[in-house]
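Q: Just one file: input_37.cif, with mmCIF, C-alpha atoms.
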data_entry
#
loop_
_atom_site.group_PDB
_atom_site.id
_atom_site.type_symbol
_atom_site.label_atom_id
_atom_site.label_comp_id
_atom_site.auth_asym_id
_atom_site.auth_seq_id
_atom_site.Cartn_x
_atom_site.Cartn_y
_atom_site.Cartn_z
ATOM 1 C CA GLY A 1 117.494 125.099 95.415
ATOM 2 C CA LEU A 2 115.863 127.732 97.631
ATOM 3 C CA THR A 3 118.300 130.555 96.848
ATOM 4 C CA PRO A 4 119.146 130.652 93.119
ATOM 5 C CA ASN A 5 119.718 134.423 93.127
ATOM 6 C CA LEU A 6 122.086 134.354 96.099
ATOM 7 C CA ASP A 7 123.823 131.283 94.675
ATOM 8 C CA GLU A 8 124.463 133.165 91.420
ATOM 9 C CA LEU A 9 125.548 136.298 93.296
ATOM 10 C CA ARG A 10 128.120 134.303 95.265
ATOM 11 C CA LYS A 11 129.898 133.467 91.981
ATOM 12 C CA HIS A 12 130.605 137.194 91.489
ATOM 13 C CA SER A 13 131.115 138.272 95.077
ATOM 14 C CA LEU A 14 133.240 137.947 98.142
ATOM 15 C CA ALA A 15 131.406 135.331 100.222
ATOM 16 C CA PHE A 16 132.017 134.481 103.866
ATOM 17 C CA THR A 17 130.780 131.117 105.083
ATOM 18 C CA ASN A 18 131.720 131.092 108.775
ATOM 19 C CA PHE A 19 129.409 133.544 110.473
ATOM 20 C CA TYR A 20 127.878 133.091 113.880
ATOM 21 C CA ALA A 21 124.916 134.787 115.526
ATOM 22 C CA THR A 22 125.616 137.359 118.213
ATOM 23 C CA GLY A 23 122.517 136.348 120.121
ATOM 24 C CA THR A 24 119.191 134.639 119.886
ATOM 25 C CA ARG A 25 117.074 137.576 118.700
ATOM 26 C CA THR A 26 117.185 140.132 115.905
ATOM 27 C CA ASP A 27 117.848 143.064 118.258
ATOM 28 C CA ARG A 28 121.186 141.474 119.210
ATOM 29 C CA GLY A 29 122.206 141.360 115.560
ATOM 30 C CA LEU A 30 121.124 144.961 115.065
ATOM 31 C CA GLU A 31 123.278 146.230 117.930
ATOM 32 C CA ALA A 32 126.235 144.149 116.739
ATOM 33 C CA ILE A 33 126.051 145.447 113.162
ATOM 34 C CA THR A 34 125.258 149.034 114.122
ATOM 35 C CA LEU A 35 127.611 149.487 117.095
ATOM 36 C CA SER A 36 130.227 146.751 116.558
ATOM 37 C CA VAL A 37 129.637 145.361 120.028
ATOM 38 C CA PRO A 38 129.407 141.775 121.222
ATOM 39 C CA PRO A 39 126.294 140.663 123.124
ATOM 40 C CA THR A 40 125.884 142.554 126.367
ATOM 41 C CA PRO A 41 124.491 141.175 129.627
ATOM 42 C CA GLY A 42 120.821 141.784 130.292
ATOM 43 C CA ARG A 43 118.618 143.590 127.795
ATOM 44 C CA SER A 44 120.002 144.493 124.422
ATOM 45 C CA ILE A 45 121.118 148.083 123.954
ATOM 46 C CA VAL A 46 118.372 148.504 121.351
ATOM 47 C CA LYS A 47 115.694 147.810 123.991
ATOM 48 C CA ARG A 48 117.158 149.838 126.876
ATOM 49 C CA LEU A 49 114.509 152.528 127.163
ATOM 50 C CA GLY A 50 116.031 155.915 127.833
ATOM 51 C CA ARG A 51 119.567 154.602 127.341
ATOM 52 C CA GLU A 52 119.496 153.557 123.703
ATOM 53 C CA SER A 53 121.186 156.614 122.181
ATOM 54 C CA GLY A 54 124.531 158.369 122.149
ATOM 55 C CA TYR A 55 126.695 155.487 120.943
ATOM 56 C CA GLY A 56 129.333 155.617 118.214
ATOM 57 C CA SER A 57 127.276 153.952 115.475
ATOM 58 C CA LEU A 58 127.991 153.023 111.896
ATOM 59 C CA GLY A 59 125.349 155.570 110.852
ATOM 60 C CA GLN A 60 127.124 158.360 112.741
ATOM 61 C CA GLN A 61 130.428 157.404 111.125
ATOM 62 C CA PHE A 62 128.884 157.667 107.663
ATOM 63 C CA ASN A 63 127.098 160.913 108.584
ATOM 64 C CA ALA A 64 130.464 162.410 109.544
ATOM 65 C CA GLN A 65 131.613 161.685 105.987
ATOM 66 C CA GLY A 66 128.563 163.424 104.466
ATOM 67 C CA TYR A 67 126.361 160.372 103.903
ATOM 68 C CA ASP A 68 122.634 160.120 104.446
ATOM 69 C CA SER A 69 122.362 157.221 106.926
ATOM 70 C CA VAL A 70 118.944 155.594 106.762
ATOM 71 C CA PHE A 71 117.459 152.630 108.618
ATOM 72 C CA LEU A 72 114.726 151.079 106.479
ATOM 73 C CA TYR A 73 112.493 148.547 108.184
ATOM 74 C CA GLY A 74 109.576 146.635 106.689
ATOM 75 C CA GLY A 75 107.641 146.726 109.958
ATOM 76 C CA ARG A 76 106.779 149.326 112.550
ATOM 77 C CA GLY A 77 109.909 150.727 114.152
ATOM 78 C CA TYR A 78 108.411 151.091 117.595
ATOM 79 C CA PHE A 79 108.725 147.289 117.841
ATOM 80 C CA ASP A 80 111.728 146.435 120.022
ATOM 81 C CA ASN A 81 112.409 150.180 120.359
ATOM 82 C CA MET A 82 114.146 150.258 116.958
ATOM 83 C CA ASN A 83 113.097 153.799 115.984
ATOM 84 C CA ALA A 84 114.420 155.248 119.253
ATOM 85 C CA PHE A 85 117.655 153.284 118.915
ATOM 86 C CA PHE A 86 118.374 154.126 115.284
ATOM 87 C CA GLY A 87 117.037 157.678 115.507
ATOM 88 C CA GLY A 88 119.179 158.289 118.581
ATOM 89 C CA ASN A 89 122.309 157.015 116.866
ATOM 90 C CA GLY A 90 122.470 159.009 113.660
ATOM 91 C CA TYR A 91 119.954 157.338 111.382
ATOM 92 C CA ARG A 92 116.967 158.686 109.535
ATOM 93 C CA ILE A 93 114.067 156.213 109.814
ATOM 94 C CA VAL A 94 111.890 154.815 107.036
ATOM 95 C CA ASP A 95 109.494 152.188 108.375
ATOM 96 C CA GLN A 96 106.009 150.948 107.566
ATOM 97 C CA ARG A 97 104.385 153.968 109.230
ATOM 98 C CA SER A 98 106.214 156.381 106.914
ATOM 99 C CA VAL A 99 105.174 154.570 103.721
ATOM 100 C CA ALA A 100 101.919 155.426 101.979
ATOM 101 C CA GLU A 101 99.297 152.666 101.819
ATOM 102 C CA ALA A 102 99.396 152.866 98.017
ATOM 103 C CA ASP A 103 103.118 152.013 98.094
ATOM 104 C CA MET A 104 102.564 148.719 99.915
ATOM 105 C CA SER A 105 101.340 145.844 97.782
ATOM 106 C CA PHE A 106 101.442 143.256 100.584
ATOM 107 C CA ARG A 107 101.419 143.283 104.384
ATOM 108 C CA ASN A 108 101.171 140.744 107.153
ATOM 109 C CA ALA A 109 101.340 141.016 110.950
ATOM 110 C CA TRP A 110 105.056 141.863 110.794
ATOM 111 C CA GLY A 111 104.955 144.483 108.061
ATOM 112 C CA MET A 112 105.316 145.056 104.356
ATOM 113 C CA SER A 113 106.808 142.594 101.901
ATOM 114 C CA ASP A 114 110.483 142.561 101.027
ATOM 115 C CA GLU A 115 109.606 143.868 97.567
ATOM 116 C CA ASP A 116 107.837 146.878 99.066
ATOM 117 C CA LEU A 117 110.770 147.565 101.398
ATOM 118 C CA TYR A 118 113.253 147.327 98.542
ATOM 119 C CA ARG A 119 111.132 149.705 96.471
ATOM 120 C CA GLN A 120 111.381 152.225 99.329
ATOM 121 C CA ALA A 121 115.158 151.733 99.483
ATOM 122 C CA LEU A 122 115.467 152.408 95.754
ATOM 123 C CA GLN A 123 113.423 155.602 96.132
ATOM 124 C CA VAL A 124 115.692 156.820 98.949
ATOM 125 C CA ALA A 125 118.810 155.959 96.955
ATOM 126 C CA ASP A 126 117.479 157.684 93.826
ATOM 127 C CA ALA A 127 116.560 160.834 95.783
ATOM 128 C CA ASP A 128 119.961 161.001 97.482
ATOM 129 C CA TYR A 129 121.741 160.431 94.188
ATOM 130 C CA ALA A 130 119.683 163.170 92.506
ATOM 131 C CA ALA A 131 120.656 165.517 95.367
ATOM 132 C CA GLY A 132 124.338 164.593 94.974
ATOM 133 C CA LYS A 133 124.451 163.012 98.434
ATOM 134 C CA PRO A 134 126.098 159.647 99.130
ATOM 135 C CA PHE A 135 123.946 157.212 101.075
ATOM 136 C CA PHE A 136 124.243 154.391 103.564
ATOM 137 C CA LEU A 137 121.087 152.306 103.766
ATOM 138 C CA GLN A 138 120.675 149.645 106.437
ATOM 139 C CA LEU A 139 117.647 147.460 105.684
ATOM 140 C CA MET A 140 115.780 144.948 107.790
ATOM 141 C CA THR A 141 113.155 142.745 106.195
ATOM 142 C CA THR A 142 110.347 140.899 107.961
ATOM 143 C CA SER A 143 109.641 137.903 105.712
ATOM 144 C CA ASN A 144 111.588 135.351 107.767
ATOM 145 C CA HIS A 145 109.083 135.357 110.647
ATOM 146 C CA ARG A 146 106.051 133.186 111.265
ATOM 147 C CA PRO A 147 103.542 132.949 109.671
ATOM 148 C CA TYR A 148 105.954 133.091 106.682
ATOM 149 C CA THR A 149 103.498 134.847 104.378
ATOM 150 C CA TYR A 150 104.407 136.770 101.241
ATOM 151 C CA PRO A 151 102.772 137.887 97.972
ATOM 152 C CA ASP A 152 101.183 135.108 95.911
ATOM 153 C CA GLY A 153 102.547 134.096 92.533
ATOM 154 C CA ARG A 154 106.197 134.929 93.170
ATOM 155 C CA ILE A 155 107.597 131.470 93.876
ATOM 156 C CA ASP A 156 106.463 127.846 93.640
ATOM 157 C CA ILE A 157 105.899 127.407 97.398
ATOM 158 C CA PRO A 158 102.524 128.663 98.632
ATOM 159 C CA SER A 159 102.582 131.544 101.112
ATOM 160 C CA GLY A 160 102.267 130.464 104.741
ATOM 161 C CA GLU A 161 103.666 126.963 104.173
ATOM 162 C CA GLY A 162 106.773 127.410 106.308
ATOM 163 C CA ARG A 163 110.283 128.802 106.511
ATOM 164 C CA ALA A 164 111.483 127.268 103.223
ATOM 165 C CA GLY A 165 108.947 129.405 101.372
ATOM 166 C CA ALA A 166 110.048 132.506 103.251
ATOM 167 C CA VAL A 167 113.681 131.834 102.365
ATOM 168 C CA LYS A 168 112.833 131.286 98.703
ATOM 169 C CA TYR A 169 110.654 134.415 98.624
ATOM 170 C CA THR A 170 113.444 136.462 100.225
ATOM 171 C CA ASP A 171 115.823 135.206 97.551
ATOM 172 C CA TYR A 172 113.275 136.089 94.852
ATOM 173 C CA ALA A 173 112.923 139.634 96.218
ATOM 174 C CA ILE A 174 116.709 140.051 96.399
ATOM 175 C CA GLY A 175 116.911 138.961 92.755
ATOM 176 C CA GLN A 176 114.338 141.604 91.817
ATOM 177 C CA LEU A 177 116.230 144.248 93.806
ATOM 178 C CA LEU A 178 119.535 143.404 92.125
ATOM 179 C CA ALA A 179 117.960 143.540 88.655
ATOM 180 C CA GLN A 180 116.509 146.979 89.408
ATOM 181 C CA MET A 181 119.734 148.267 90.990
ATOM 182 C CA LYS A 182 121.787 147.350 87.928
ATOM 183 C CA GLY A 183 119.898 149.946 85.892
ATOM 184 C CA LYS A 184 120.570 152.776 88.336
ATOM 185 C CA PRO A 185 123.251 155.412 87.684
ATOM 186 C CA TRP A 186 124.599 154.950 91.234
ATOM 187 C CA PHE A 187 125.001 151.151 90.925
ATOM 188 C CA LYS A 188 128.636 151.152 89.760
ATOM 189 C CA ASP A 189 129.674 153.002 92.932
ATOM 190 C CA THR A 190 127.608 150.897 95.341
ATOM 191 C CA LEU A 191 128.722 148.239 97.783
ATOM 192 C CA LEU A 192 125.982 145.788 98.722
ATOM 193 C CA VAL A 193 126.412 143.662 101.847
ATOM 194 C CA LEU A 194 123.901 140.874 102.492
#
Go ahead and render the structure in this file as structure tokens.
A:
Amino acid sequence: GLTPNLDELRKHSLAFTNFYATGTRTDRGLEAITLSVPPTPGRSIVKRLGRESGYGSLGQQFNAQGYDSVFLYGGRGYFDNMNAFFGGNGYRIVDQRSVAEADMSFRNAWGMSDEDLYRQALQVADADYAAGKPFFLQLMTTSNHRPYTYPDGRIDIPSGEGRAGAVKYTDYAIGQLLAQMKGKPWFKDTLLVL
């Protein structure tokens, strides 16, 4: 009952149920998705200062086809060296530091709410569409981290009460994003991977 929007989406989507983590931290997932590499010994590639760029990334592949590749992160991209990693591998960066205070309705220690991040993603997509440029947006939210806080009044679990609330809020925000995307002129030509 925590994910009604994702449950409904699964009925109309291709759903994979046997996925496994590529490591124990988010940076391992980022390098796996971005570079198509398994976990590497030692520090993740994302966090290898001075050696985090120059790889054949998904963003570079899309750039070669004329896409605007953008990494959108709800927090501050200096955390875990994400800005250096993504910026050095073909991505344009949109993180909390590049978003105006007025465009953030909620923040916690990790960053802006999922809703605020998704609003930024829609703005990037709309601008690229208006410019006639295809886009590849890779988003990373922050809501699934302690202290599990999110905007009040969105779901029936109070903010800060634990991971179940964060999961339900994430699902709520995804539902809002999907509803807004459906009204966009670029929606019919968009592939969404969650």
Q: Can you tell me which residues surround A:Phe187 at a distance of at most 10 Å, considering all atoms listed in the file, apart from same-chain residues fewer than 6 positions away, and format the answer as number ranges by chain?
A: A: 125, 178, 180-181
Q: Which one is closest to A:Thr142: A:Thr24, A:Asn89, A:Gln120, A:Ser113? Count all atoms listed in the file.
A: A:Ser113
Q: Return as an NGL selection string the set of residues that the PyMOL selection byres ((chain A and resi 86) around 12) yields on the displayed structure.
A: :A and (27 or 30-31 or 33-35 or 45-47 or 52-60 or 69-73 or 77-78 or 80-85 or 87-95 or 137-139)
Q: Please indicate the distance in Å from atom CA of A:Pro134 to atom CA of A:Asp68, rounded to one decimal place.
A: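 Calculated distance between atom CA of A:Pro134 and atom CA of A:Asp68 is 6.4 Å.
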Q: Return the single residue from A:Asp116, A:Leu14, A:Arg48, A:Trp110 that is closest to A:Leu191, with distances computed using only C-alpha atoms.
A: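 Of the candidates, the smallest distance to A:Leu191 is held by A:Leu14.
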Q: Atom CA of A:His145 and atom CA of A:Ala102 are how many Å apart?
A: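 Computing the Euclidean distance for atom CA of A:His145 and atom CA of A:Ala102 yields 23.7 Å.
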Q: In Å to one decimal, how far is atom CA of A:Pro151 from atom CA of A:Arg107?
A: 8.5 Å
Q: Measuring between only C-alpha atoms, which one of A:Lys184, A:Gly175, A:Thr190, A:Tyr150 shows the shortest distance to A:Ala130?
A: A:Lys184
Q: For A:Lys168, please output as a PDB file with C-alpha atoms, in the frame of the given file all residues within 6 Å (counting only C-alpha atoms; exclusion window: fewer than 3 positions along the same chain).
A:
ATOM      1  CA  LEU A   2     115.863 127.732  97.631  1.00  0.00           C
ATOM      2  CA  THR A   3     118.300 130.555  96.848  1.00  0.00           C
ATOM      3  CA  GLY A 165     108.947 129.405 101.372  1.00  0.00           C
ATOM      4  CA  ASP A 171     115.823 135.206  97.551  1.00  0.00           C
TER       5      ASP A 171
END
Q: With only C-alpha atoms as the basis for distance, which of A:Asn5, A:Asp189, A:Asn144, A:Gly132 is at the shortest distance from A:Leu177?
A: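 Between A:Asn5, A:Asp189, A:Asn144, A:Gly132, the residue approaching A:Leu177 most closely is A:Asn5.
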Q: Using all atoms listed in the file, collect all residues at a distance of at most 7 Å from (105.1, 144.6, 112.2) as written in the file, then present them as a list in words.
A: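 Those residues lying close to the given coordinates are Gly75, Arg76, Ala109, Trp110 and Gly111 of chain A.
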Q: Go ahead and fit an axis-aligned box to every listed atom of stretch 86-101 of chain A plus 4 Å each side, and pass me the centre and edge lengths in Å, one decimal, as AutoDock Vina command-line options.
A:
--center_x 110.9 --center_y 155.0 --center_z 110.2 --size_x 31.2 --size_y 16.1 --size_z 24.8
Q: Please determine, counting only C-alpha atoms, which residue among A:Gly1, A:Pro41, A:Ser143, A:Lys182 has the shortest atom-to-atom distance to A:Asp156.
A: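 Checking each candidate against A:Asp156, we get A:Gly1 as the closest.
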Q: Pick out the residues sitting within 7 Å of stretch 20-23 of chain A, and hand them over as a list in words; count all atoms listed in the file, and ignore anything fewer than 3 positions along from it in its own chain.
A: Arg28, Gly29, Ala32, Pro38 and Pro39 of chain A
Q: Pick out the residues sitting within 9 Å of A:Met104, and hand them over as a PyMOL selection string; count only C-alpha atoms, and ignore anything fewer than 5 positions along from it in its own chain.
A: chain A and resi 96+99+112-113+115-117
Q: Could you take the residues named above and write them with C-alpha atoms, as a short mmCIF file (atom, residue, chain, number, x, y, z; two decimals), in the coordinates of the input?
A:
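After the write, again27.cif holds the following:
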data_model
loop_
_atom_site.label_atom_id
_atom_site.label_comp_id
_atom_site.auth_asym_id
_atom_site.auth_seq_id
_atom_site.Cartn_x
_atom_site.Cartn_y
_atom_site.Cartn_z
CA GLN A 96 106.01 150.95 107.57
CA VAL A 99 105.17 154.57 103.72
CA MET A 112 105.32 145.06 104.36
CA SER A 113 106.81 142.59 101.90
CA GLU A 115 109.61 143.87 97.57
CA ASP A 116 107.84 146.88 99.07
CA LEU A 117 110.77 147.56 101.40
#
